[in-house]
>>> print(open('protein_0.txt').read())   # compact mmCIF, C-alpha atoms
# COMPACT_ATOMS: atom_id res chain seq x y z
CA MET Z 1 -23.09 38.43 -29.53
CA SER Z 2 -20.21 36.78 -27.74
CA SER Z 3 -21.20 38.00 -24.26
CA ASP Z 4 -24.41 35.94 -24.31
CA GLN Z 5 -24.87 34.52 -20.77
CA THR Z 6 -28.19 32.72 -21.13
CA CYS Z 7 -26.65 29.25 -21.11
CA CYS Z 8 -24.73 27.32 -18.46
CA MET Z 9 -23.04 24.03 -17.70
CA VAL Z 10 -24.38 21.83 -14.93
CA MET Z 11 -22.25 19.00 -13.56
CA THR Z 12 -23.27 15.89 -11.69
CA THR Z 13 -21.65 12.48 -11.12
CA PHE Z 14 -22.98 8.93 -10.93
CA ALA Z 15 -21.63 5.45 -10.32
CA ASP Z 16 -24.41 3.17 -11.57
CA GLU Z 17 -24.75 2.99 -15.37
CA ALA Z 18 -28.52 2.41 -15.32
CA ASN Z 19 -28.99 5.35 -13.00
CA GLY Z 20 -26.86 7.57 -15.20
CA ARG Z 21 -28.89 6.53 -18.23
CA ALA Z 22 -32.13 7.35 -16.39
CA ILE Z 23 -30.89 10.84 -15.47
CA ILE Z 24 -29.75 11.53 -19.05
CA HIS Z 25 -32.95 10.29 -20.68
CA SER Z 26 -35.12 12.23 -18.25
CA LEU Z 27 -33.28 15.54 -18.83
CA ILE Z 28 -33.14 15.23 -22.61
CA GLY Z 29 -36.62 13.72 -22.93
CA LYS Z 30 -38.12 16.64 -21.00
CA ARG Z 31 -36.05 19.12 -23.02
CA LEU Z 32 -34.30 20.29 -19.86
CA ALA Z 33 -30.89 19.86 -21.52
CA ALA Z 34 -29.63 20.33 -25.08
CA CYS Z 35 -26.77 17.89 -24.73
CA ILE Z 36 -24.97 15.92 -22.06
CA GLN Z 37 -21.35 14.78 -22.15
CA VAL Z 38 -20.17 11.87 -20.02
CA GLN Z 39 -16.64 10.88 -19.05
CA SER Z 40 -15.00 8.44 -16.64
CA ILE Z 41 -13.39 9.86 -13.52
CA GLU Z 42 -11.76 8.71 -10.29
CA SER Z 43 -13.25 10.48 -7.26
CA TYR Z 44 -11.26 11.08 -4.10
CA TYR Z 45 -12.77 12.33 -0.84
CA HIS Z 46 -12.38 12.16 2.91
CA TRP Z 47 -14.17 9.27 4.59
CA LYS Z 48 -13.75 8.30 8.27
CA GLY Z 49 -10.22 9.60 8.58
CA ALA Z 50 -8.87 8.25 5.30
CA VAL Z 51 -8.88 9.23 1.61
CA ASN Z 52 -11.46 7.10 -0.19
CA GLN Z 53 -11.48 6.47 -3.96
CA ASP Z 54 -14.45 5.62 -6.19
CA GLN Z 55 -14.90 5.03 -9.91
CA GLU Z 56 -17.61 7.35 -11.20
CA LYS Z 57 -18.72 9.14 -14.34
CA LEU Z 58 -19.02 12.89 -14.67
CA MET Z 59 -21.88 14.49 -16.62
CA MET Z 60 -21.49 17.92 -18.20
CA ILE Z 61 -24.99 19.15 -19.00
CA LYS Z 62 -25.55 22.07 -21.38
CA THR Z 63 -28.78 23.93 -20.61
CA THR Z 64 -30.16 27.43 -20.03
CA VAL Z 65 -29.76 29.43 -16.82
CA GLU Z 66 -33.54 29.86 -16.81
CA LEU Z 67 -34.06 26.09 -16.53
CA TYR Z 68 -31.44 25.50 -13.83
CA GLU Z 69 -33.87 24.98 -10.94
CA GLN Z 70 -35.84 22.43 -12.98
CA VAL Z 71 -32.64 20.65 -14.01
CA GLU Z 72 -31.52 20.42 -10.39
CA ALA Z 73 -34.92 19.07 -9.30
CA ASP Z 74 -35.02 16.52 -12.11
CA ILE Z 75 -31.53 15.20 -11.36
CA LEU Z 76 -32.40 14.94 -7.67
CA ALA Z 77 -35.66 13.09 -8.44
CA ASN Z 78 -33.82 10.46 -10.50
CA HIS Z 79 -30.46 10.18 -8.73
CA ASP Z 80 -29.71 7.21 -6.48
CA TYR Z 81 -27.35 9.29 -4.30
CA GLU Z 82 -28.86 11.05 -1.29
CA THR Z 83 -26.77 14.18 -1.89
CA PRO Z 84 -25.43 14.10 -5.44
CA GLU Z 85 -22.99 16.65 -6.78
CA ILE Z 86 -25.02 19.24 -8.67
CA ILE Z 87 -23.10 22.41 -9.52
CA ARG Z 88 -23.57 25.14 -12.09
CA LEU Z 89 -20.70 26.74 -14.00
CA PRO Z 90 -21.23 29.87 -16.06
CA ILE Z 91 -20.85 30.06 -19.83
CA THR Z 92 -19.83 33.68 -20.49
CA ALA Z 93 -19.64 33.57 -24.29
CA GLY Z 94 -19.95 31.17 -27.18
CA LEU Z 95 -20.62 30.67 -30.86
CA PRO Z 96 -23.96 32.44 -31.36
CA ASP Z 97 -25.41 29.61 -33.47
CA TYR Z 98 -24.43 27.03 -30.85
CA LEU Z 99 -25.93 29.01 -27.96
CA HIS Z 100 -29.05 29.47 -30.07
CA TRP Z 101 -29.17 25.69 -30.59
CA ILE Z 102 -28.99 25.12 -26.80
CA ARG Z 103 -31.88 27.53 -26.27
CA SER Z 104 -33.98 26.02 -29.05
CA GLU Z 105 -33.43 22.46 -27.78
CA CYS Z 106 -34.35 23.58 -24.26
CA ASN Z 107 -37.42 25.49 -25.29
CA THR Z 108 -39.78 25.15 -22.33
CA ASN Z 109 -42.72 26.20 -24.45
CA ARG Z 110 -42.53 23.46 -27.03
CA SER Z 111 -44.96 20.54 -26.88
CA LYS Z 112 -43.42 17.45 -25.28
CA MET B 1 -30.38 29.33 -2.33
CA SER B 2 -29.23 28.52 -5.85
CA SER B 3 -27.03 31.63 -6.22
CA ASP B 4 -24.63 30.43 -3.51
CA GLN B 5 -21.12 31.37 -4.69
CA THR B 6 -19.00 30.25 -1.74
CA CYS B 7 -17.57 27.23 -3.56
CA CYS B 8 -15.32 26.88 -6.59
CA MET B 9 -13.52 24.41 -8.80
CA VAL B 10 -9.73 24.44 -8.96
CA MET B 11 -7.96 22.60 -11.78
CA THR B 12 -4.42 21.34 -11.96
CA THR B 13 -2.66 18.69 -14.05
CA PHE B 14 0.06 16.14 -13.33
CA ALA B 15 2.00 13.48 -15.20
CA ASP B 16 3.56 11.38 -12.44
CA GLU B 17 1.10 9.11 -10.59
CA ALA B 18 2.95 9.27 -7.27
CA ASN B 19 3.08 13.04 -7.45
CA GLY B 20 -0.64 13.22 -8.21
CA ARG B 21 -1.37 10.98 -5.28
CA ALA B 22 0.75 13.20 -3.00
CA ILE B 23 -1.14 16.34 -4.10
CA ILE B 24 -4.54 14.66 -3.58
CA HIS B 25 -3.71 13.23 -0.16
CA SER B 26 -2.26 16.54 1.03
CA LEU B 27 -5.33 18.57 -0.04
CA ILE B 28 -7.88 16.13 1.37
CA GLY B 29 -5.85 15.28 4.45
CA LYS B 30 -5.58 18.97 5.36
CA ARG B 31 -9.29 19.49 4.58
CA LEU B 32 -8.42 21.97 1.84
CA ALA B 33 -10.70 20.12 -0.60
CA ALA B 34 -13.99 18.25 -0.22
CA CYS B 35 -13.46 16.04 -3.24
CA ILE B 36 -11.12 15.69 -6.18
CA GLN B 37 -11.95 14.16 -9.55
CA VAL B 38 -9.20 12.83 -11.82
CA GLN B 39 -9.34 12.04 -15.52
CA SER B 40 -6.84 11.20 -18.27
CA ILE B 41 -6.07 13.88 -20.85
CA GLU B 42 -3.76 14.54 -23.76
CA SER B 43 -2.06 17.94 -23.46
CA TYR B 44 -0.95 19.91 -26.49
CA TYR B 45 1.22 23.02 -26.30
CA HIS B 46 3.84 24.99 -28.21
CA TRP B 47 7.42 23.91 -27.62
CA LYS B 48 10.43 25.15 -29.61
CA GLY B 49 8.50 25.83 -32.79
CA ALA B 50 6.42 22.64 -32.82
CA VAL B 51 3.24 21.32 -31.18
CA ASN B 52 4.23 18.99 -28.35
CA GLN B 53 1.93 16.32 -26.86
CA ASP B 54 2.01 14.84 -23.35
CA GLN B 55 -0.11 12.30 -21.51
CA GLU B 56 -1.33 13.86 -18.25
CA LYS B 57 -4.15 13.67 -15.76
CA LEU B 58 -6.45 16.56 -14.93
CA MET B 59 -7.65 17.17 -11.36
CA MET B 60 -10.92 18.95 -10.69
CA ILE B 61 -10.83 20.06 -7.05
CA LYS B 62 -14.00 21.13 -5.24
CA THR B 63 -13.26 23.58 -2.43
CA THR B 64 -14.35 26.94 -1.02
CA VAL B 65 -13.40 30.33 -2.46
CA GLU B 66 -12.15 31.28 1.01
CA LEU B 67 -9.55 28.50 0.93
CA TYR B 68 -8.32 29.15 -2.61
CA GLU B 69 -5.01 30.78 -1.67
CA GLN B 70 -4.20 27.88 0.66
CA VAL B 71 -5.14 25.35 -2.00
CA GLU B 72 -2.87 27.06 -4.53
CA ALA B 73 0.03 27.14 -2.05
CA ASP B 74 -0.44 23.49 -1.09
CA ILE B 75 -0.51 22.30 -4.72
CA LEU B 76 2.60 24.35 -5.47
CA ALA B 77 4.41 22.94 -2.41
CA ASN B 78 3.76 19.35 -3.53
CA HIS B 79 3.86 19.61 -7.33
CA ASP B 80 6.90 18.40 -9.27
CA TYR B 81 6.29 20.94 -12.06
CA GLU B 82 8.01 24.31 -11.71
CA THR B 83 4.93 26.16 -13.01
CA PRO B 84 1.92 23.84 -12.79
CA GLU B 85 -1.49 24.72 -14.17
CA ILE B 86 -3.53 26.05 -11.26
CA ILE B 87 -6.73 27.80 -12.28
CA ARG B 88 -9.97 28.60 -10.49
CA LEU B 89 -13.39 28.33 -12.13
CA PRO B 90 -16.48 29.76 -10.45
CA ILE B 91 -19.42 27.68 -9.23
CA THR B 92 -22.38 30.05 -9.47
CA ALA B 93 -25.10 27.76 -8.12
CA GLY B 94 -25.63 24.22 -6.92
CA LEU B 95 -27.68 21.80 -4.86
CA PRO B 96 -27.75 23.48 -1.42
CA ASP B 97 -27.03 20.22 0.43
CA TYR B 98 -24.05 19.49 -1.81
CA LEU B 99 -22.56 22.98 -1.42
CA HIS B 100 -23.11 22.64 2.33
CA TRP B 101 -21.22 19.32 2.21
CA ILE B 102 -18.26 21.01 0.44
CA ARG B 103 -18.16 23.71 3.11
CA SER B 104 -18.43 21.24 5.97
CA GLU B 105 -15.65 19.02 4.55
CA CYS B 106 -13.45 22.10 4.08
CA ASN B 107 -14.09 23.55 7.47
CA THR B 108 -10.88 25.32 8.39
CA ASN B 109 -11.86 25.40 12.03
CA ARG B 110 -12.19 21.68 12.56
CA SER B 111 -9.44 19.83 14.40
CA LYS B 112 -7.06 18.02 12.05
CA MET A 1 -2.83 38.64 -7.93
CA SER A 2 -5.29 35.79 -7.57
CA SER A 3 -8.25 37.71 -9.04
CA ASP A 4 -6.57 37.93 -12.46
CA GLN A 5 -9.33 37.45 -15.05
CA THR A 6 -7.42 37.91 -18.30
CA CYS A 7 -7.50 34.21 -19.19
CA CYS A 8 -10.34 31.84 -20.02
CA MET A 9 -11.17 28.29 -21.02
CA VAL A 10 -12.80 27.62 -24.38
CA MET A 11 -14.42 24.24 -25.04
CA THR A 12 -15.22 22.54 -28.31
CA THR A 13 -15.84 18.94 -29.35
CA PHE A 14 -14.92 16.88 -32.39
CA ALA A 15 -15.45 13.35 -33.68
CA ASP A 16 -12.86 12.99 -36.45
CA GLU A 17 -9.26 12.63 -35.25
CA ALA A 18 -7.72 14.36 -38.26
CA ASN A 19 -10.11 17.27 -37.88
CA GLY A 20 -9.30 17.55 -34.18
CA ARG A 21 -5.61 17.57 -34.97
CA ALA A 22 -6.12 20.32 -37.57
CA ILE A 23 -7.99 22.50 -35.06
CA ILE A 24 -5.31 22.01 -32.39
CA HIS A 25 -2.37 22.68 -34.71
CA SER A 26 -4.03 25.79 -36.14
CA LEU A 27 -4.77 27.30 -32.70
CA ILE A 28 -1.35 26.56 -31.22
CA GLY A 29 0.55 27.34 -34.43
CA LYS A 30 -1.07 30.77 -34.63
CA ARG A 31 -0.45 31.34 -30.91
CA LEU A 32 -4.19 31.62 -30.28
CA ALA A 33 -3.95 29.10 -27.42
CA ALA A 34 -1.32 28.35 -24.80
CA CYS A 35 -2.37 24.75 -24.30
CA ILE A 36 -5.18 22.41 -25.26
CA GLN A 37 -6.35 19.37 -23.30
CA VAL A 38 -8.26 16.58 -25.00
CA GLN A 39 -10.37 13.83 -23.45
CA SER A 40 -12.82 11.18 -24.68
CA ILE A 41 -16.51 11.73 -24.01
CA GLU A 42 -19.87 10.22 -24.84
CA SER A 43 -22.32 12.85 -26.12
CA TYR A 44 -26.06 12.52 -25.66
CA TYR A 45 -28.61 14.76 -27.36
CA HIS A 46 -32.14 14.83 -28.71
CA TRP A 47 -32.52 13.72 -32.32
CA LYS A 48 -35.86 13.11 -34.07
CA GLY A 49 -37.74 12.15 -30.95
CA ALA A 50 -35.07 9.90 -29.43
CA VAL A 51 -31.88 10.28 -27.36
CA ASN A 52 -28.90 9.87 -29.68
CA GLN A 53 -25.38 8.96 -28.51
CA ASP A 54 -22.04 9.75 -30.20
CA GLN A 55 -18.41 9.13 -29.32
CA GLU A 56 -16.54 12.44 -29.38
CA LYS A 57 -13.55 14.17 -27.85
CA LEU A 58 -13.72 17.33 -25.79
CA MET A 59 -11.09 20.07 -26.10
CA MET A 60 -10.36 22.41 -23.21
CA ILE A 61 -8.45 25.36 -24.68
CA LYS A 62 -6.55 27.78 -22.43
CA THR A 63 -6.26 31.24 -23.97
CA THR A 64 -6.81 34.92 -23.19
CA VAL A 65 -10.17 36.67 -23.07
CA GLU A 66 -8.76 39.21 -25.52
CA LEU A 67 -8.22 36.51 -28.15
CA TYR A 68 -11.59 34.82 -27.74
CA GLU A 69 -13.18 36.14 -30.95
CA GLN A 70 -10.15 35.01 -32.97
CA VAL A 71 -10.19 31.59 -31.29
CA GLU A 72 -13.88 31.16 -32.12
CA ALA A 73 -13.32 32.18 -35.75
CA ASP A 74 -10.32 29.87 -36.12
CA ILE A 75 -12.17 26.85 -34.71
CA LEU A 76 -15.12 27.57 -37.00
CA ALA A 77 -12.85 27.89 -40.04
CA ASN A 78 -11.29 24.48 -39.41
CA HIS A 79 -14.17 22.48 -37.90
CA ASP A 80 -16.03 19.91 -39.99
CA TYR A 81 -19.27 20.47 -38.01
CA GLU A 82 -21.66 23.10 -39.33
CA THR A 83 -22.45 24.32 -35.80
CA PRO A 84 -19.75 23.06 -33.44
CA GLU A 85 -19.90 23.54 -29.69
CA ILE A 86 -17.81 26.60 -28.88
CA ILE A 87 -18.30 27.94 -25.37
CA ARG A 88 -16.22 30.12 -23.07
CA LEU A 89 -15.89 29.50 -19.33
CA PRO A 90 -14.29 32.12 -17.07
CA ILE A 91 -11.06 31.62 -15.14
CA THR A 92 -11.46 33.86 -12.09
CA ALA A 93 -8.08 33.24 -10.44
CA GLY A 94 -4.96 31.17 -10.85
CA LEU A 95 -1.28 30.73 -10.11
CA PRO A 96 0.21 34.06 -11.27
CA ASP A 97 3.14 32.38 -13.04
CA TYR A 98 0.80 30.04 -14.90
CA LEU A 99 -1.53 32.84 -16.03
CA HIS A 100 1.53 34.80 -17.10
CA TRP A 101 2.64 31.76 -19.14
CA ILE A 102 -0.76 31.63 -20.90
CA ARG A 103 -0.49 35.31 -21.79
CA SER A 104 3.11 35.00 -22.98
CA GLU A 105 2.30 31.98 -25.17
CA CYS A 106 -0.70 33.82 -26.63
CA ASN A 107 1.13 37.03 -27.28
CA THR A 108 -0.53 38.45 -30.36
CA ASN A 109 2.37 40.77 -31.01
CA ARG A 110 5.08 38.16 -31.32
CA SER A 111 6.40 37.25 -34.76
CA LYS A 112 4.88 34.04 -36.08
>>> encode(input="protein_0.txt", output="structure tokens")
Amino acid sequence: MSSDQTCCMVMTTFADEANGRAIIHSLIGKRLAACIQVQSIESYYHWKGAVNQDQEKLMMIKTTVELYEQVEADILANHDYETPEIIRLPITAGLPDYLHWIRSECNTNRSK
Amino acid sequence: MSSDQTCCMVMTTFADEANGRAIIHSLIGKRLAACIQVQSIESYYHWKGAVNQDQEKLMMIKTTVELYEQVEADILANHDYETPEIIRLPITAGLPDYLHWIRSECNTNRSK
Amino acid sequence: MSSDQTCCMVMTTFADEANGRAIIHSLIGKRLAACIQVQSIESYYHWKGAVNQDQEKLMMIKTTVELYEQVEADILANHDYETPEIIRLPITAGLPDYLHWIRSECNTNRSK
């Protein structure tokens, strides 16, 4: 079933390693995410009339659409930014066994 | 409102650092993007019967759907590739305050 | 035509360099992908009650929606993981010449 749209990718960014680790461990420990990928990025944005640059890391979180609101709330509860980037991108198809693995890892009904 | 779909991610790639910097400063300076993330990638593609490999950087541009045509035109005007990668990926939900920040940074009505 | 939705991005991950190279060369050699971008990532996931971490690389494959099933099957045939990540993200717009290039590189009717 390649048109399976039950899963999604959520992205957030962080600068502090300990904070990033806290966000990751909270999401995976609570089974709100099946897996999280982290990569280094340079961030550019407008700040007081100039283009500012920061070193950050980007998280790509694989979870279910059903859990999105809980994922957003959990990131926000742990993040040290006042308004962190939290965006959801759709997954419109995928290997059925892999999408099944995401759902099984994110099972909200399992004991924690 | 987690189903907010006013924002999007635009991706492009570049090889020359000065050219990348010009594209970033133009987009942010003109308030066509709220923030731009840059990461190193290896690019593989077909070229004259073989698989070619280049070192490039990938830009992930956060902007509004409304501004997409202007973003595309601005990248094209500054890019040193004849046919650069310019693709738009949907953002189907996100932290309301963060999506609001994207829109406010991209406000086309503000004075420049 | 900025609402062109014939193309898509397919993501997979790998850990072994030789295996990654085999997947890339198979997809591009068979004209199942126009270009593939590779970047280093850290992967975090739940494993036996703890959060496990691996070093991997992430592939972002640009292809056509029409070819998706063949892309999935080709990755699976070459991948050394039993259940690799294979997910499809939509491209909802893009530079017309670039989208045309993806389609022309992925032409299933060309001689191979």
>>> atom_distance(input="protein_0.txt", atom1="CA of Ala22 in chain A", atom2="CA of Gln55 in chain B")
18.9 Å
>>> closest_residue(input="protein_0.txt", among="Z:Val51, Z:Val38, Z:Cys8, Z:Ala15", to="chain A", atoms="all atoms listed in the file")
Z:Val38
>>> atom_distance(input="protein_0.txt", atom1="CA of Lys62 in chain B", atom2="CA of Cys7 in chain B")
7.3 Å
>>> residues_near_point(input="protein_0.txt", point="(-3.5, 15.0, -3.7)", cutoff="10 Å", atoms="all atoms listed in the file", output="CSV table (one decimal) with C-alpha atoms, in the frame of the given file")
chain,number,residue,atom,x,y,z
Z,44,TYR,CA,-11.3,11.1,-4.1
Z,51,VAL,CA,-8.9,9.2,1.6
B,18,ALA,CA,3.0,9.3,-7.3
B,19,ASN,CA,3.1,13.0,-7.4
B,20,GLY,CA,-0.6,13.2,-8.2
B,21,ARG,CA,-1.4,11.0,-5.3
B,22,ALA,CA,0.8,13.2,-3.0
B,23,ILE,CA,-1.1,16.3,-4.1
B,24,ILE,CA,-4.5,14.7,-3.6
B,25,HIS,CA,-3.7,13.2,-0.2
B,26,SER,CA,-2.3,16.5,1.0
B,27,LEU,CA,-5.3,18.6,0.0
B,28,ILE,CA,-7.9,16.1,1.4
B,29,GLY,CA,-5.8,15.3,4.4
B,33,ALA,CA,-10.7,20.1,-0.6
B,36,ILE,CA,-11.1,15.7,-6.2
B,59,MET,CA,-7.6,17.2,-11.4
B,61,ILE,CA,-10.8,20.1,-7.0
B,74,ASP,CA,-0.4,23.5,-1.1
B,75,ILE,CA,-0.5,22.3,-4.7
B,78,ASN,CA,3.8,19.4,-3.5
B,79,HIS,CA,3.9,19.6,-7.3
>>> residues_around(input="protein_0.txt", residues="Ser3 in chain B", least_positions_apart="5", cutoff="12 Å", atoms="only C-alpha atoms", output="PyMOL selection string")
(chain Z and resi 65+68-69+87-90) or (chain B and resi 90-96+99)
>>> residues_around(input="protein_0.txt", residues="Ser43 in chain Z", least_positions_apart="2", cutoff="10 Å", atoms="all atoms listed in the file", output="list in words")
Thr13, Ser40, Ile41, Tyr45, Val51, Asn52, Gln53, Asp54, Gln55, Glu56, Lys57 and Leu58 of chain Z; Cys35, Ile36, Gln37, Val38, Gln39, Met59, Met60 and Ile61 of chain B
>>> residues_around(input="protein_0.txt", residues="Thr83 in chain B", least_positions_apart="2", cutoff="7 Å", atoms="all atoms listed in the file", output="VMD selection string")
(chain B and resid 81 85) or (chain A and resid 97 to 98)
>>> atom_distance(input="protein_0.txt", atom1="CA of Thr6 in chain B", atom2="CA of His100 in chain B")
9.6 Å
>>> closest_residue(input="protein_0.txt", among="B:Ala50, B:Ala73, B:Met11, B:Leu67", to="Cys106 in chain B", atoms="all atoms listed in the file")
B:Leu67
>>> build_atoms(input="protein_0.txt", residues="range 3-22 of chain B", atoms="N, CA, C and O atoms", output="PDB file, keeping the file's coordinate frame")
ATOM      1  N   SER B   3     -28.073  30.696  -5.786  1.00  0.00           N
ATOM      2  CA  SER B   3     -27.030  31.630  -6.220  1.00  0.00           C
ATOM      3  C   SER B   3     -25.824  31.629  -5.281  1.00  0.00           C
ATOM      4  O   SER B   3     -24.984  32.508  -5.340  1.00  0.00           O
ATOM      5  N   ASP B   4     -25.738  30.619  -4.442  1.00  0.00           N
ATOM      6  CA  ASP B   4     -24.630  30.430  -3.510  1.00  0.00           C
ATOM      7  C   ASP B   4     -23.301  30.395  -4.285  1.00  0.00           C
ATOM      8  O   ASP B   4     -23.109  29.568  -5.160  1.00  0.00           O
ATOM      9  N   GLN B   5     -22.382  31.323  -3.964  1.00  0.00           N
ATOM     10  CA  GLN B   5     -21.120  31.370  -4.690  1.00  0.00           C
ATOM     11  C   GLN B   5     -19.915  31.220  -3.763  1.00  0.00           C
ATOM     12  O   GLN B   5     -18.853  31.790  -4.010  1.00  0.00           O
ATOM     13  N   THR B   6     -20.080  30.437  -2.719  1.00  0.00           N
ATOM     14  CA  THR B   6     -19.000  30.250  -1.740  1.00  0.00           C
ATOM     15  C   THR B   6     -18.013  29.167  -2.173  1.00  0.00           C
ATOM     16  O   THR B   6     -16.935  29.073  -1.601  1.00  0.00           O
ATOM     17  N   CYS B   7     -18.409  28.351  -3.144  1.00  0.00           N
ATOM     18  CA  CYS B   7     -17.570  27.230  -3.560  1.00  0.00           C
ATOM     19  C   CYS B   7     -16.986  27.465  -4.951  1.00  0.00           C
ATOM     20  O   CYS B   7     -17.474  28.307  -5.699  1.00  0.00           O
ATOM     21  N   CYS B   8     -15.952  26.723  -5.282  1.00  0.00           N
ATOM     22  CA  CYS B   8     -15.320  26.880  -6.590  1.00  0.00           C
ATOM     23  C   CYS B   8     -14.661  25.580  -7.012  1.00  0.00           C
ATOM     24  O   CYS B   8     -14.544  24.643  -6.225  1.00  0.00           O
ATOM     25  N   MET B   9     -14.266  25.540  -8.274  1.00  0.00           N
ATOM     26  CA  MET B   9     -13.520  24.410  -8.800  1.00  0.00           C
ATOM     27  C   MET B   9     -12.118  24.867  -9.135  1.00  0.00           C
ATOM     28  O   MET B   9     -11.946  25.882  -9.819  1.00  0.00           O
ATOM     29  N   VAL B  10     -11.128  24.140  -8.659  1.00  0.00           N
ATOM     30  CA  VAL B  10      -9.730  24.440  -8.960  1.00  0.00           C
ATOM     31  C   VAL B  10      -9.200  23.293  -9.827  1.00  0.00           C
ATOM     32  O   VAL B  10      -9.441  22.126  -9.507  1.00  0.00           O
ATOM     33  N   MET B  11      -8.519  23.630 -10.903  1.00  0.00           N
ATOM     34  CA  MET B  11      -7.960  22.600 -11.780  1.00  0.00           C
ATOM     35  C   MET B  11      -6.444  22.645 -11.761  1.00  0.00           C
ATOM     36  O   MET B  11      -5.842  23.714 -11.753  1.00  0.00           O
ATOM     37  N   THR B  12      -5.850  21.459 -11.746  1.00  0.00           N
ATOM     38  CA  THR B  12      -4.420  21.340 -11.960  1.00  0.00           C
ATOM     39  C   THR B  12      -4.190  20.067 -12.761  1.00  0.00           C
ATOM     40  O   THR B  12      -5.110  19.261 -12.932  1.00  0.00           O
ATOM     41  N   THR B  13      -2.985  19.896 -13.302  1.00  0.00           N
ATOM     42  CA  THR B  13      -2.660  18.690 -14.050  1.00  0.00           C
ATOM     43  C   THR B  13      -1.365  18.090 -13.504  1.00  0.00           C
ATOM     44  O   THR B  13      -0.559  18.791 -12.890  1.00  0.00           O
ATOM     45  N   PHE B  14      -1.189  16.793 -13.732  1.00  0.00           N
ATOM     46  CA  PHE B  14       0.060  16.140 -13.330  1.00  0.00           C
ATOM     47  C   PHE B  14       0.363  15.015 -14.305  1.00  0.00           C
ATOM     48  O   PHE B  14      -0.537  14.532 -15.010  1.00  0.00           O
ATOM     49  N   ALA B  15       1.617  14.581 -14.316  1.00  0.00           N
ATOM     50  CA  ALA B  15       2.000  13.480 -15.200  1.00  0.00           C
ATOM     51  C   ALA B  15       2.407  12.259 -14.385  1.00  0.00           C
ATOM     52  O   ALA B  15       2.151  11.129 -14.770  1.00  0.00           O
ATOM     53  N   ASP B  16       3.043  12.475 -13.254  1.00  0.00           N
ATOM     54  CA  ASP B  16       3.560  11.380 -12.440  1.00  0.00           C
ATOM     55  C   ASP B  16       2.496  10.928 -11.419  1.00  0.00           C
ATOM     56  O   ASP B  16       1.994  11.739 -10.635  1.00  0.00           O
ATOM     57  N   GLU B  17       2.176   9.644 -11.447  1.00  0.00           N
ATOM     58  CA  GLU B  17       1.100   9.110 -10.590  1.00  0.00           C
ATOM     59  C   GLU B  17       1.382   9.343  -9.100  1.00  0.00           C
ATOM     60  O   GLU B  17       0.482   9.709  -8.338  1.00  0.00           O
ATOM     61  N   ALA B  18       2.613   9.109  -8.695  1.00  0.00           N
ATOM     62  CA  ALA B  18       2.950   9.270  -7.270  1.00  0.00           C
ATOM     63  C   ALA B  18       2.824  10.736  -6.860  1.00  0.00           C
ATOM     64  O   ALA B  18       2.360  11.046  -5.755  1.00  0.00           O
ATOM     65  N   ASN B  19       3.214  11.619  -7.749  1.00  0.00           N
ATOM     66  CA  ASN B  19       3.080  13.040  -7.450  1.00  0.00           C
ATOM     67  C   ASN B  19       1.604  13.441  -7.357  1.00  0.00           C
ATOM     68  O   ASN B  19       1.201  14.184  -6.457  1.00  0.00           O
ATOM     69  N   GLY B  20       0.800  12.938  -8.271  1.00  0.00           N
ATOM     70  CA  GLY B  20      -0.640  13.220  -8.210  1.00  0.00           C
ATOM     71  C   GLY B  20      -1.250  12.729  -6.908  1.00  0.00           C
ATOM     72  O   GLY B  20      -2.030  13.436  -6.269  1.00  0.00           O
ATOM     73  N   ARG B  21      -0.850  11.533  -6.522  1.00  0.00           N
ATOM     74  CA  ARG B  21      -1.370  10.980  -5.280  1.00  0.00           C
ATOM     75  C   ARG B  21      -0.961  11.849  -4.076  1.00  0.00           C
ATOM     76  O   ARG B  21      -1.762  12.077  -3.160  1.00  0.00           O
ATOM     77  N   ALA B  22       0.270  12.346  -4.091  1.00  0.00           N
ATOM     78  CA  ALA B  22       0.750  13.200  -3.000  1.00  0.00           C
ATOM     79  C   ALA B  22      -0.065  14.501  -2.914  1.00  0.00           C
ATOM     80  O   ALA B  22      -0.440  14.949  -1.823  1.00  0.00           O
TER      81      ALA B  22
END
